[in-house]
$ cat model_39.txt   # compact mmCIF, C-alpha atoms
# COMPACT_ATOMS: atom_id res chain seq x y z
CA MET A 1 30.78 -37.58 -23.11
CA ASP A 2 31.03 -37.77 -26.85
CA GLN A 3 34.81 -37.79 -26.72
CA ASN A 4 34.74 -40.56 -24.16
CA ARG A 5 32.43 -42.52 -26.29
CA ARG A 6 34.64 -42.10 -29.33
CA GLU A 7 37.73 -43.14 -27.45
CA PHE A 8 35.88 -46.09 -26.10
CA LEU A 9 34.54 -47.13 -29.46
CA ALA A 10 38.00 -46.78 -30.94
CA THR A 11 39.27 -49.42 -28.59
CA ALA A 12 37.03 -51.80 -26.76
CA GLY A 13 33.89 -51.24 -28.73
CA ALA A 14 35.65 -51.73 -32.02
CA LEU A 15 37.25 -54.90 -30.76
CA ALA A 16 33.99 -56.17 -29.47
CA ALA A 17 32.11 -55.25 -32.59
CA GLN A 18 34.41 -57.25 -34.80
CA PRO A 19 35.03 -60.93 -34.79
CA LEU A 20 38.62 -60.81 -33.63
CA ILE A 21 38.78 -63.50 -31.01
CA LYS A 22 41.56 -65.93 -31.76
CA THR A 23 40.64 -69.52 -32.26
CA GLY A 24 44.04 -70.91 -31.42
CA ASP A 25 43.99 -72.66 -34.75
CA GLN A 26 47.49 -74.10 -35.08
CA GLU A 27 47.07 -74.84 -38.74
CA HIS A 28 46.69 -71.23 -39.72
CA HIS A 29 48.81 -70.57 -42.78
CA HIS A 30 51.22 -67.68 -42.88
CA ASP A 31 52.43 -68.00 -46.40
CA HIS A 32 50.70 -64.92 -47.66
CA HIS A 33 51.45 -61.23 -47.27
CA HIS A 34 50.12 -59.47 -44.22
CA ASP A 35 48.72 -56.55 -46.09
CA HIS A 36 45.19 -57.12 -44.89
CA ASP A 37 43.52 -57.80 -41.58
CA HIS A 38 43.43 -61.32 -40.42
CA GLN A 39 40.10 -62.68 -39.48
CA ASP A 40 41.36 -65.04 -36.84
CA VAL A 41 37.97 -65.70 -35.48
CA PRO A 42 34.92 -66.70 -37.36
CA SER A 43 32.12 -64.17 -37.51
CA ASP A 44 29.67 -66.96 -36.81
CA PRO A 45 27.63 -65.80 -33.80
CA ALA A 46 27.63 -69.30 -32.35
CA LEU A 47 31.39 -69.33 -32.06
CA ARG A 48 31.61 -65.76 -30.81
CA VAL A 49 29.07 -66.48 -28.08
CA LYS A 50 30.93 -69.63 -27.13
CA ALA A 51 34.19 -67.69 -26.84
CA LEU A 52 32.52 -64.94 -24.82
CA GLU A 53 30.89 -67.42 -22.44
CA SER A 54 34.14 -69.25 -21.88
CA LEU A 55 35.88 -65.95 -21.07
CA LEU A 56 33.15 -64.81 -18.69
CA VAL A 57 33.13 -68.16 -16.93
CA GLU A 58 36.92 -68.13 -16.63
CA LYS A 59 36.75 -64.62 -15.19
CA GLY A 60 34.04 -65.61 -12.73
CA ILE A 61 31.62 -63.05 -14.17
CA VAL A 62 28.97 -65.65 -14.89
CA ASN A 63 28.72 -69.34 -14.09
CA ARG A 64 27.16 -71.92 -16.34
CA ALA A 65 24.59 -73.15 -13.84
CA GLU A 66 23.25 -69.63 -13.42
CA VAL A 67 23.10 -69.13 -17.17
CA ASP A 68 21.32 -72.50 -17.56
CA ALA A 69 18.78 -71.54 -14.90
CA LEU A 70 18.02 -68.20 -16.53
CA ILE A 71 17.52 -69.86 -19.92
CA ASP A 72 15.20 -72.41 -18.37
CA ARG A 73 13.23 -69.68 -16.65
CA TYR A 74 12.56 -67.74 -19.83
CA GLU A 75 12.21 -70.72 -22.12
CA HIS A 76 10.06 -72.97 -19.95
CA GLN A 77 8.69 -71.24 -16.85
CA VAL A 78 7.66 -67.78 -17.96
CA GLY A 79 5.41 -67.38 -20.95
CA PRO A 80 2.07 -66.21 -22.31
CA ARG A 81 0.13 -68.74 -20.24
CA ILE A 82 0.71 -66.39 -17.30
CA GLY A 83 -0.87 -63.43 -19.07
CA ALA A 84 -3.68 -65.69 -20.28
CA ARG A 85 -4.56 -66.56 -16.67
CA VAL A 86 -4.84 -62.87 -15.86
CA VAL A 87 -7.09 -62.28 -18.88
CA ALA A 88 -9.35 -65.25 -18.18
CA HIS A 89 -9.73 -64.22 -14.56
CA ALA A 90 -10.70 -60.71 -15.62
CA TRP A 91 -13.33 -62.17 -17.96
CA VAL A 92 -15.04 -64.17 -15.23
CA ASP A 93 -14.64 -61.76 -12.32
CA PRO A 94 -15.90 -58.22 -13.06
CA ALA A 95 -14.55 -56.83 -9.76
CA PHE A 96 -11.09 -58.20 -10.56
CA LYS A 97 -11.33 -56.78 -14.06
CA GLN A 98 -12.04 -53.36 -12.60
CA ARG A 99 -9.04 -53.62 -10.29
CA LEU A 100 -6.91 -54.81 -13.21
CA LEU A 101 -7.84 -51.79 -15.30
CA THR A 102 -7.31 -49.43 -12.36
CA ASN A 103 -4.03 -50.84 -11.02
CA ALA A 104 -2.79 -53.81 -13.01
CA THR A 105 0.40 -54.22 -11.00
CA ALA A 106 -1.54 -54.79 -7.78
CA ALA A 107 -4.27 -56.88 -9.40
CA ILE A 108 -1.76 -59.22 -11.06
CA ALA A 109 0.11 -59.54 -7.76
CA GLU A 110 -3.19 -60.67 -6.15
CA LEU A 111 -3.00 -63.74 -8.39
CA GLY A 112 0.60 -64.32 -7.35
CA LEU A 113 1.76 -63.60 -10.90
CA GLY A 114 3.98 -61.04 -12.58
CA GLY A 115 6.54 -59.38 -10.39
CA ALA A 116 10.28 -59.52 -10.85
CA GLY A 117 11.65 -58.39 -14.16
CA ASP A 118 9.05 -55.83 -15.03
CA GLY A 119 8.13 -52.59 -13.38
CA ALA A 120 4.58 -51.35 -13.21
CA THR A 121 2.07 -52.87 -15.58
CA MET A 122 -0.93 -51.20 -17.16
CA ALA A 123 -3.80 -53.20 -18.63
CA VAL A 124 -5.70 -51.70 -21.57
CA GLU A 125 -9.06 -53.09 -22.60
CA ASN A 126 -10.17 -53.87 -26.13
CA THR A 127 -13.83 -53.13 -26.78
CA PRO A 128 -15.92 -52.78 -29.95
CA ALA A 129 -15.02 -49.06 -29.82
CA VAL A 130 -11.29 -49.24 -28.98
CA HIS A 131 -8.53 -51.51 -30.21
CA ASN A 132 -5.18 -51.37 -28.38
CA LEU A 133 -1.81 -52.29 -29.85
CA VAL A 134 1.51 -52.38 -27.98
CA VAL A 135 4.93 -51.66 -29.47
CA CYS A 136 8.34 -50.35 -28.43
CA THR A 137 9.73 -48.27 -31.29
CA LEU A 138 13.13 -47.66 -29.65
CA CYS A 139 14.10 -51.20 -28.65
CA SER A 140 11.81 -54.09 -27.79
CA CYS A 141 10.35 -53.42 -24.33
CA TYR A 142 7.85 -56.17 -23.57
CA PRO A 143 6.10 -57.55 -20.46
CA TRP A 144 8.46 -60.51 -19.98
CA SER A 145 7.01 -61.54 -16.61
CA LEU A 146 3.54 -61.95 -18.15
CA LEU A 147 4.24 -63.04 -21.72
CA GLY A 148 7.77 -64.43 -21.65
CA LEU A 149 10.25 -63.59 -24.36
CA PRO A 150 9.04 -61.39 -27.20
CA PRO A 151 8.48 -63.05 -30.57
CA VAL A 152 10.66 -62.18 -33.54
CA TRP A 153 7.95 -60.09 -35.18
CA TYR A 154 7.67 -57.85 -32.10
CA LYS A 155 11.41 -57.11 -32.27
CA SER A 156 11.45 -56.60 -36.04
CA THR A 157 12.22 -53.25 -37.65
CA ALA A 158 9.06 -53.67 -39.74
CA TYR A 159 6.75 -53.85 -36.71
CA ARG A 160 8.62 -51.22 -34.68
CA SER A 161 8.62 -48.70 -37.52
CA ARG A 162 5.10 -49.08 -38.87
CA SER A 163 2.98 -49.73 -35.79
CA VAL A 164 2.87 -46.06 -34.86
CA ILE A 165 2.34 -44.59 -38.34
CA ASP A 166 0.11 -47.28 -39.86
CA PRO A 167 -1.32 -49.46 -37.10
CA ARG A 168 -4.36 -50.44 -39.17
CA GLY A 169 -2.10 -51.66 -41.97
CA VAL A 170 -0.01 -53.62 -39.47
CA LEU A 171 -3.14 -55.15 -37.96
CA ARG A 172 -4.36 -56.13 -41.43
CA GLU A 173 -1.09 -58.00 -41.91
CA PHE A 174 -2.03 -59.99 -38.81
CA GLY A 175 -5.53 -60.55 -40.18
CA VAL A 176 -7.21 -58.08 -37.83
CA GLU A 177 -9.53 -55.50 -39.38
CA VAL A 178 -10.56 -52.61 -37.14
CA PRO A 179 -13.69 -50.78 -38.32
CA ASP A 180 -13.29 -47.09 -39.23
CA ALA A 181 -15.72 -46.16 -36.47
CA ALA A 182 -13.45 -47.67 -33.82
CA GLU A 183 -10.36 -45.99 -32.35
CA VAL A 184 -6.94 -47.59 -32.60
CA ARG A 185 -4.71 -46.79 -29.64
CA VAL A 186 -1.03 -47.57 -30.02
CA TRP A 187 1.04 -47.77 -26.83
CA ASP A 188 4.70 -46.99 -27.49
CA SER A 189 6.04 -48.58 -24.32
CA ILE A 190 9.48 -47.00 -24.24
CA ALA A 191 9.74 -46.31 -20.51
CA GLU A 192 9.48 -48.65 -17.52
CA GLN A 193 5.75 -49.30 -17.55
CA ARG A 194 4.69 -52.44 -19.42
CA TYR A 195 1.37 -52.99 -21.18
CA LEU A 196 -1.01 -55.92 -21.29
CA VAL A 197 -3.93 -55.84 -23.71
CA LEU A 198 -7.12 -57.28 -22.26
CA PRO A 199 -8.72 -58.76 -25.38
CA GLU A 200 -12.46 -58.99 -25.94
CA ARG A 201 -14.04 -62.16 -24.62
CA PRO A 202 -15.31 -64.12 -27.61
CA ALA A 203 -19.05 -64.44 -28.10
CA GLY A 204 -20.32 -67.92 -27.30
CA SER A 205 -17.83 -68.47 -24.47
CA GLU A 206 -20.39 -67.74 -21.74
CA GLY A 207 -20.50 -71.23 -20.30
CA MET A 208 -16.79 -71.90 -20.35
CA SER A 209 -14.63 -72.42 -17.28
CA GLU A 210 -11.86 -69.99 -16.43
CA GLU A 211 -9.30 -72.62 -17.32
CA ALA A 212 -10.88 -73.29 -20.71
CA LEU A 213 -11.04 -69.56 -21.37
CA ALA A 214 -7.35 -69.14 -20.54
CA ALA A 215 -6.54 -71.79 -23.13
CA LEU A 216 -8.17 -69.62 -25.81
CA VAL A 217 -6.03 -66.57 -25.08
CA SER A 218 -3.10 -66.29 -27.47
CA ARG A 219 0.04 -64.30 -26.83
CA ASP A 220 -0.65 -62.06 -29.82
CA SER A 221 -4.08 -61.15 -28.47
CA MET A 222 -2.40 -59.73 -25.35
CA VAL A 223 -0.13 -57.54 -27.51
CA GLY A 224 -3.10 -56.47 -29.62
CA THR A 225 -2.24 -58.16 -32.92
CA ALA A 226 -4.93 -60.84 -32.69
CA LYS A 227 -8.47 -61.30 -31.49
CA VAL A 228 -9.49 -64.22 -29.32
CA ALA A 229 -11.61 -66.77 -31.18
CA LEU A 230 -13.54 -69.72 -29.82
CA ALA A 231 -11.82 -72.27 -32.03
CA ALA A 232 -8.04 -72.31 -31.98
CA ASP A 233 -6.83 -71.59 -35.48
CA GLY A 234 -4.52 -74.56 -35.68
CA GLY A 235 -1.26 -72.72 -35.23
CA ARG A 236 -2.06 -70.03 -32.76
CA ARG A 237 0.76 -67.60 -32.15
CA MET B 1 21.05 -39.94 -30.55
CA ASN B 2 19.25 -39.74 -33.87
CA GLY B 3 20.11 -43.34 -34.62
CA VAL B 4 18.61 -45.99 -36.80
CA HIS B 5 17.19 -47.67 -33.68
CA ASP B 6 14.64 -44.82 -33.48
CA LEU B 7 12.37 -46.51 -35.96
CA GLY B 8 8.93 -45.07 -35.29
CA GLY B 9 7.32 -43.78 -38.48
CA MET B 10 9.87 -45.15 -40.95
CA HIS B 11 8.65 -46.78 -44.14
CA ASP B 12 9.94 -49.63 -46.24
CA MET B 13 11.20 -52.00 -43.54
CA GLY B 14 9.40 -54.83 -45.30
CA PRO B 15 6.66 -57.21 -44.26
CA ILE B 16 6.37 -58.23 -40.62
CA PRO B 17 8.18 -61.56 -40.16
CA LEU B 18 5.43 -63.87 -38.99
CA GLU B 19 6.20 -67.46 -38.14
CA ARG B 20 3.80 -70.13 -37.06
CA GLY B 21 4.63 -71.63 -33.71
CA MET B 22 7.08 -68.81 -33.13
CA PRO B 23 9.97 -70.41 -31.24
CA ALA B 24 11.65 -68.22 -28.63
CA PHE B 25 15.05 -69.22 -29.97
CA HIS B 26 16.25 -70.15 -33.42
CA ALA B 27 19.70 -71.39 -32.42
CA ASN B 28 21.29 -72.57 -29.23
CA TRP B 29 23.72 -69.63 -29.11
CA GLU B 30 20.72 -67.32 -28.70
CA ARG B 31 19.84 -69.17 -25.49
CA ARG B 32 23.37 -68.84 -24.18
CA MET B 33 23.48 -65.15 -25.10
CA LEU B 34 20.22 -64.48 -23.27
CA GLY B 35 21.32 -66.34 -20.14
CA MET B 36 24.75 -64.72 -20.13
CA MET B 37 23.36 -61.24 -20.63
CA LEU B 38 20.82 -61.62 -17.81
CA ALA B 39 23.42 -63.14 -15.48
CA ALA B 40 25.95 -60.42 -16.22
CA MET B 41 23.39 -57.63 -15.99
CA SER B 42 22.42 -58.65 -12.47
CA GLY B 43 25.77 -59.99 -11.28
CA GLN B 44 27.68 -56.93 -12.46
CA ARG B 45 24.78 -54.58 -11.81
CA LEU B 46 25.14 -53.27 -15.33
CA ASN B 47 23.36 -50.07 -16.20
CA GLY B 48 20.32 -50.85 -18.35
CA ASP B 49 20.35 -47.43 -19.99
CA ALA B 50 24.02 -47.79 -20.88
CA PHE B 51 23.16 -51.21 -22.32
CA ARG B 52 20.58 -49.64 -24.60
CA PHE B 53 22.99 -46.89 -25.60
CA GLU B 54 25.63 -49.47 -26.58
CA ILE B 55 23.09 -51.17 -28.82
CA GLU B 56 22.14 -47.85 -30.38
CA SER B 57 25.83 -47.12 -30.95
CA LEU B 58 26.33 -50.12 -33.21
CA PRO B 59 27.07 -48.98 -36.77
CA PRO B 60 23.66 -48.43 -38.41
CA ALA B 61 24.17 -50.98 -41.16
CA ASP B 62 25.19 -53.60 -38.58
CA TYR B 63 22.20 -52.75 -36.40
CA LEU B 64 19.83 -53.39 -39.28
CA ARG B 65 21.59 -56.55 -40.42
CA MET B 66 21.98 -58.18 -37.00
CA SER B 67 19.29 -60.11 -35.19
CA TYR B 68 18.14 -59.02 -31.74
CA PHE B 69 20.38 -61.45 -29.86
CA GLU B 70 23.30 -60.95 -32.24
CA ARG B 71 23.44 -57.27 -31.28
CA TRP B 72 24.03 -58.35 -27.70
CA ILE B 73 27.34 -60.10 -28.48
CA PRO B 74 29.51 -57.01 -29.04
CA VAL B 75 27.42 -55.01 -26.56
CA LEU B 76 28.00 -57.30 -23.58
CA GLY B 77 31.73 -57.35 -24.30
CA ALA B 78 31.81 -53.58 -24.55
CA LEU B 79 29.90 -53.08 -21.29
CA LEU B 80 32.21 -55.40 -19.38
CA VAL B 81 35.29 -53.67 -20.76
CA LYS B 82 33.78 -50.36 -19.81
CA ASN B 83 33.08 -51.39 -16.22
CA GLY B 84 36.58 -52.79 -15.93
CA SER B 85 35.71 -56.43 -15.34
CA ILE B 86 37.51 -57.58 -18.49
CA THR B 87 40.23 -55.95 -20.55
CA PRO B 88 40.10 -55.25 -24.29
CA ALA B 89 42.93 -57.76 -24.72
CA GLU B 90 40.95 -60.45 -22.93
CA LEU B 91 37.91 -59.73 -25.04
CA ALA B 92 40.01 -59.92 -28.20
CA SER B 93 41.76 -63.14 -27.22
CA GLY B 94 38.88 -64.85 -25.46
CA LYS B 95 41.30 -65.77 -22.65
CA ALA B 96 41.61 -64.37 -19.16
CA ALA B 97 44.91 -62.60 -18.57
CA ARG B 98 45.44 -64.65 -15.43
CA ARG B 99 43.32 -67.28 -13.89
CA ALA B 100 40.74 -65.73 -11.67
CA GLY B 101 40.11 -67.64 -8.48
CA LYS B 102 36.90 -65.78 -7.96
CA ALA B 103 34.93 -63.02 -9.48
CA VAL B 104 37.05 -60.07 -10.49
CA LYS B 105 35.92 -56.85 -8.91
CA ALA B 106 34.82 -54.19 -11.31
CA ALA B 107 37.30 -51.32 -11.46
CA ALA B 108 34.56 -48.74 -11.75
CA PRO B 109 31.79 -48.66 -9.18
CA PRO B 110 28.78 -50.46 -10.58
CA VAL B 111 25.99 -48.13 -11.53
CA GLY B 112 22.78 -49.97 -11.04
CA ARG B 113 19.29 -48.75 -11.37
CA THR B 114 17.83 -47.55 -8.11
CA PRO B 115 14.48 -48.96 -7.07
CA ARG B 116 11.72 -47.91 -9.34
CA SER B 117 9.00 -46.33 -7.32
CA ARG B 118 9.03 -43.19 -5.21
CA ARG B 119 12.70 -42.46 -5.05
CA GLU B 120 14.33 -40.07 -2.70
CA GLY B 121 14.96 -36.68 -4.23
CA ALA B 122 12.54 -37.04 -7.10
CA ALA B 123 11.68 -33.80 -8.82
CA ALA B 124 8.11 -32.59 -8.23
CA PRO B 125 5.83 -33.33 -11.17
CA ARG B 126 5.53 -30.33 -13.49
CA PHE B 127 2.46 -31.64 -15.30
CA THR B 128 -0.94 -32.97 -14.34
CA VAL B 129 -3.40 -35.35 -15.94
CA GLY B 130 -5.46 -33.61 -18.60
CA GLN B 131 -2.85 -30.95 -19.27
CA GLN B 132 -1.80 -30.20 -22.82
CA VAL B 133 1.96 -30.54 -23.34
CA ARG B 134 4.45 -30.33 -26.16
CA ALA B 135 7.27 -32.82 -26.55
CA ARG B 136 10.45 -30.79 -26.71
CA ASN B 137 12.36 -30.38 -29.92
CA MET B 138 15.75 -31.71 -28.88
CA ASN B 139 18.43 -33.75 -30.61
CA PRO B 140 20.92 -34.99 -28.01
CA VAL B 141 23.90 -36.99 -29.31
CA GLY B 142 23.73 -39.26 -26.27
CA HIS B 143 21.03 -41.66 -25.13
CA THR B 144 17.44 -40.48 -25.06
CA ARG B 145 14.01 -42.09 -24.91
CA LEU B 146 12.21 -39.27 -26.65
CA PRO B 147 11.52 -40.65 -30.12
CA ARG B 148 12.02 -38.35 -33.09
CA TYR B 149 8.48 -38.78 -34.35
CA ALA B 150 7.08 -37.14 -31.19
CA ARG B 151 9.43 -34.15 -30.99
CA GLY B 152 7.68 -30.82 -31.27
CA LYS B 153 4.23 -32.46 -31.21
CA LEU B 154 1.30 -31.54 -29.00
CA GLY B 155 -0.21 -34.12 -26.70
CA THR B 156 -2.29 -34.56 -23.58
CA VAL B 157 -1.13 -36.09 -20.31
CA VAL B 158 -3.41 -39.04 -19.57
CA GLN B 159 -1.59 -40.65 -16.64
CA ASP B 160 1.19 -39.91 -14.18
CA ILE B 161 3.01 -43.23 -14.13
CA GLY B 162 5.26 -42.36 -11.20
CA VAL B 163 8.96 -41.74 -10.74
CA ALA B 164 11.83 -43.24 -12.72
CA GLY B 165 15.47 -42.44 -13.30
CA PHE B 166 16.23 -40.26 -16.31
CA PRO B 167 17.81 -42.34 -19.10
CA ASP B 168 19.56 -39.39 -20.77
CA THR B 169 21.81 -38.81 -17.77
CA HIS B 170 21.79 -42.27 -16.21
CA ALA B 171 23.10 -43.93 -19.40
CA HIS B 172 26.22 -41.79 -19.22
CA GLY B 173 26.98 -41.97 -15.51
CA GLN B 174 25.67 -38.46 -14.99
CA GLY B 175 23.22 -39.33 -12.27
CA ASP B 176 19.82 -40.87 -11.90
CA LYS B 177 17.88 -37.56 -11.90
CA PRO B 178 14.63 -39.21 -10.76
CA GLN B 179 11.50 -37.55 -12.13
CA HIS B 180 7.93 -38.25 -13.11
CA VAL B 181 7.02 -40.16 -16.24
CA TYR B 182 3.69 -39.60 -17.95
CA SER B 183 1.62 -41.40 -20.51
CA VAL B 184 0.98 -38.75 -23.14
CA ARG B 185 -1.68 -39.11 -25.83
CA PHE B 186 -0.86 -37.78 -29.30
CA THR B 187 -3.53 -37.91 -31.98
CA ALA B 188 -2.51 -39.71 -35.14
CA ARG B 189 -3.27 -36.52 -37.08
CA GLU B 190 -0.96 -34.44 -34.88
CA LEU B 191 1.84 -36.92 -35.51
CA TRP B 192 1.27 -37.84 -39.14
CA GLY B 193 -0.97 -35.23 -40.71
CA ASP B 194 -4.44 -35.05 -42.13
CA GLN B 195 -4.37 -38.35 -43.96
CA ALA B 196 -4.22 -40.24 -40.65
CA PRO B 197 -7.45 -41.78 -39.38
CA PRO B 198 -9.35 -39.15 -37.37
CA ARG B 199 -9.88 -41.20 -34.20
CA ASP B 200 -6.56 -42.98 -33.80
CA ALA B 201 -3.89 -42.01 -31.29
CA VAL B 202 -0.45 -42.99 -30.05
CA TYR B 203 0.31 -43.02 -26.34
CA ILE B 204 3.95 -42.52 -25.42
CA ASP B 205 5.54 -42.78 -21.96
CA LEU B 206 7.63 -39.63 -21.58
CA TRP B 207 9.84 -38.28 -18.80
CA ASP B 208 9.12 -34.85 -17.32
CA ASP B 209 12.27 -33.36 -18.89
CA TYR B 210 11.02 -34.27 -22.37
CA LEU B 211 7.94 -32.07 -22.02
CA GLU B 212 7.02 -28.41 -21.92
CA SER B 213 3.62 -26.88 -21.21
CA ALA B 214 1.67 -25.85 -24.27
$ encode --input "model_39.txt" --output "structure tokens"
Amino acid sequence: MDQNRREFLATAGALAAQPLIKTGDQEHHHDHHHDHDHQDVPSDPALRVKALESLLVEKGIVNRAEVDALIDRYEHQVGPRIGARVVAHAWVDPAFKQRLLTNATAAIAELGLGGAGDGATMAVENTPAVHNLVVCTLCSCYPWSLLGLPPVWYKSTAYRSRSVIDPRGVLREFGVEVPDAAEVRVWDSIAEQRYLVLPERPAGSEGMSEEALAALVSRDSMVGTAKVALAADGGRR
Amino acid sequence: MNGVHDLGGMHDMGPIPLERGMPAFHANWERRMLGMMLAAMSGQRLNGDAFRFEIESLPPADYLRMSYFERWIPVLGALLVKNGSITPAELASGKAARRAGKAVKAAAPPVGRTPRSRREGAAAPRFTVGQQVRARNMNPVGHTRLPRYARGKLGTVVQDIGVAGFPDTHAHGQGDKPQHVYSVRFTARELWGDQAPPRDAVYIDLWDDYLESA
């Protein structure tokens, strides 16, 4: 295996890892000595992605309409509003909340949400005694079907490294202080199961409609890096 | 592989990059890369574990320098070369060797992930909820989902999540080896020592083969 990997990296991987794609630039000057590697193709990711897409389209591996549709799905159709609907419904319907905490995959499916893209989902409840925080230390596993694409901070080396060793420090950076008497539970979601934090319902929200409640629920609160407050903070993440 | 991707417990990675508004994409090429990757993953039935291993195999300094979507650029090219749907020369030139009328068949049989739940031939679970277990001390050079910070540590099985393919073999075309995956609770003090807060814990989803009874 290792030998195969080395051979592979020595050829294709190395080519792929370096910006070697030719631009076809006819004005390239050859009046210098060839004692160093040419960089025929810019290392600019934008140009490398453009070259890769044009190759994959030419080879019939992807087509642009399909790529456009997938971008639209994850940029505009799937996002944290889906998770927020699940949370708000759990807040107003205690029986649903119980089903959500027992078998989130089935409970979310009841609402016609979730599904393709993620495997099983587990919901973990924040209470005054327990604060849950979700991370993936090995890559960036995230419940795409409920929350959409992960934010940059979730994918950052800073968050991935520190969440497991210093979750209270990480939470403080997000402005969340967990009392010493409470337990912090970090979920390192490195396998196929995905996690949704059920945040605490804010005090004073008793009379609010399910729809109004859903509007309060931020993405970060469903990852565990924020609490839900009655007033939106002006730039809610 | 004991790579730089295995970040849990490392210090000094800087402040967490928080942005207000938090756009999903910061440049249009990131959109294209996402769409292409998803299209190719499903169209070519690319192996998700092999995908992760390619990312982990990036040179460590590049891994740390590159953004999330930037890492995908060399990785998608490498996966498609590996499954035979493009050649290294095509990847290098950005041009197809000959015009393809339709999709080019992969030379190697595609190795997709088998359906998630309750697979045929799954190994019987070796552990039960409530049981104390130890994460094995192992350092494979290939792909693994057992993070370094958990190796050798004692934990408690809190949930049997069900059956999934085993990444360590599946990433390398050595079979799906379906087995149970458990949520295992490790106390913060077991992982990090006596300075850790007494009540805190980390829950890690671990495959049966990563565990031994304790």
$ closest_residue --input "model_39.txt" --among "B:Phe53, B:Met33, B:Leu46, B:Pro59" --to "B:Trp72" --atoms "only C-alpha atoms"
B:Met33
$ residues_around --input "model_39.txt" --residues "B:Gln159" --least-positions-apart "3" --cutoff "12 Å" --atoms "only C-alpha atoms" --output "PyMOL selection string"
(chain A and resi 102-103+122+193) or (chain B and resi 125+127-131+156+162+180-185+203-207)
$ closest_residue --input "model_39.txt" --among "A:Arg172, A:His76, A:Arg162, A:Arg219" --to "chain B" --atoms "only C-alpha atoms"
A:Arg162
$ closest_atom_pairs --input "model_39.txt" --of "chain B" --to "chain A" --cutoff "6 Å" --atoms "all atoms listed in the file" --output "CSV"
residue,atom,partner,partner_atom,distance
B:His5,CA,A:Leu138,CA,5.7
B:Asp6,CA,A:Leu138,CA,5.0
B:Leu7,CA,A:Ser161,CA,4.6
B:Gly8,CA,A:Ser161,CA,4.3
B:Gly9,CA,A:Ile165,CA,5.0
B:Met10,CA,A:Ser161,CA,5.1
B:Met13,CA,A:Ala158,CA,4.7
B:Gly14,CA,A:Ala158,CA,5.7
B:Ile16,CA,A:Ala158,CA,5.4
B:Pro17,CA,A:Trp153,CA,5.2
B:Leu18,CA,A:Trp153,CA,5.9
B:Arg20,CA,A:Gly235,CA,6.0
B:Gly21,CA,A:Arg237,CA,5.8
B:Trp29,CA,A:Ala46,CA,5.1
B:Gly35,CA,A:Val67,CA,4.4
B:Met36,CA,A:Val67,CA,5.6
B:Pro74,CA,A:Ala16,CA,4.6
B:Gly77,CA,A:Ala16,CA,5.8
B:Ala78,CA,A:Gly13,CA,5.2
B:Pro88,CA,A:Ala12,CA,5.2
B:Ala92,CA,A:Ile21,CA,4.7
B:Ser93,CA,A:Ile21,CA,4.8
B:Gly94,CA,A:Leu55,CA,5.4
B:Lys95,CA,A:Leu55,CA,5.6
B:Ala100,CA,A:Lys59,CA,5.4
B:Lys102,CA,A:Gly60,CA,5.6
B:Ala103,CA,A:Gly60,CA,4.3
B:Arg199,CA,A:Glu183,CA,5.2
B:Asp200,CA,A:Val184,CA,4.8
B:Ala201,CA,A:Arg185,CA,5.1
B:Val202,CA,A:Val186,CA,4.6
B:Tyr203,CA,A:Trp187,CA,4.8
B:Ile204,CA,A:Asp188,CA,5.0
B:Asp205,CA,A:Ala191,CA,5.7
$ atom_distance --input "model_39.txt" --atom1 "atom CA of A:Leu147" --atom2 "atom CA of A:Gly83"
5.8 Å
$ atom_distance --input "model_39.txt" --atom1 "atom CA of B:Gln179" --atom2 "atom CA of B:Asp208"
6.3 Å
$ closest_residue --input "model_39.txt" --among "B:Pro178, B:Gly155, B:Gly142, B:Pro197" --to "B:Ala123" --atoms "all atoms listed in the file"
B:Pro178
$ atom_distance --input "model_39.txt" --atom1 "atom CA of A:Met208" --atom2 "atom CA of A:Pro143"
27.0 Å
$ closest_residue --input "model_39.txt" --among "B:Asn83, B:Asn137, B:Ser67, B:Gln44" --to "B:Glu212" --atoms "all atoms listed in the file"
B:Asn137
$ residues_around --input "model_39.txt" --residues "A:Ala212" --least-positions-apart "5" --cutoff "12 Å" --atoms "all atoms listed in the file" --output "ChimeraX atom specification"
/A:81,84-85,87-89,91-92,205-207,217,230-232
$ residues_around --input "model_39.txt" --residues "A:Val86" --least-positions-apart "5" --cutoff "9 Å" --atoms "only C-alpha atoms" --output "list in words"
Arg81, Trp91, Leu100, Ala107, Ile108, Leu111, Leu113, Leu146, Leu198 and Ala214 of chain A
$ closest_residue --input "model_39.txt" --among "A:Val78, A:Leu196, A:Gly204, A:Val178" --to "A:Pro128" --atoms "only C-alpha atoms"
A:Val178
$ residues_around --input "model_39.txt" --residues "B:Lys177" --least-positions-apart "6" --cutoff "10 Å" --atoms "only C-alpha atoms" --output "VMD selection string"
chain B and resid 119 121 to 123 163 to 170 209
$ decode --input "model_39.txt" --residues "stretch 122-135 of chain B" --atoms "C-alpha atoms" --output "short mmCIF file (atom, residue, chain, number, x, y, z; two decimals), in the first residue's frame"
data_model
loop_
_atom_site.label_atom_id
_atom_site.label_comp_id
_atom_site.auth_asym_id
_atom_site.auth_seq_id
_atom_site.Cartn_x
_atom_site.Cartn_y
_atom_site.Cartn_z
CA ALA B 122 -21.30 -7.04 9.30
CA ALA B 123 -19.17 -8.26 12.16
CA ALA B 124 -21.08 -8.88 15.40
CA PRO B 125 -20.64 -6.06 17.90
CA ARG B 126 -17.88 -6.82 20.41
CA PHE B 127 -18.94 -4.13 22.87
CA THR B 128 -22.12 -3.09 24.61
CA VAL B 129 -23.45 0.18 25.99
CA GLY B 130 -22.00 0.90 29.42
CA GLN B 131 -18.89 -1.17 28.84
CA GLN B 132 -15.48 0.28 29.60
CA VAL B 133 -13.13 0.16 26.61
CA ARG B 134 -9.67 1.31 25.70
CA ALA B 135 -8.88 2.91 22.36
#
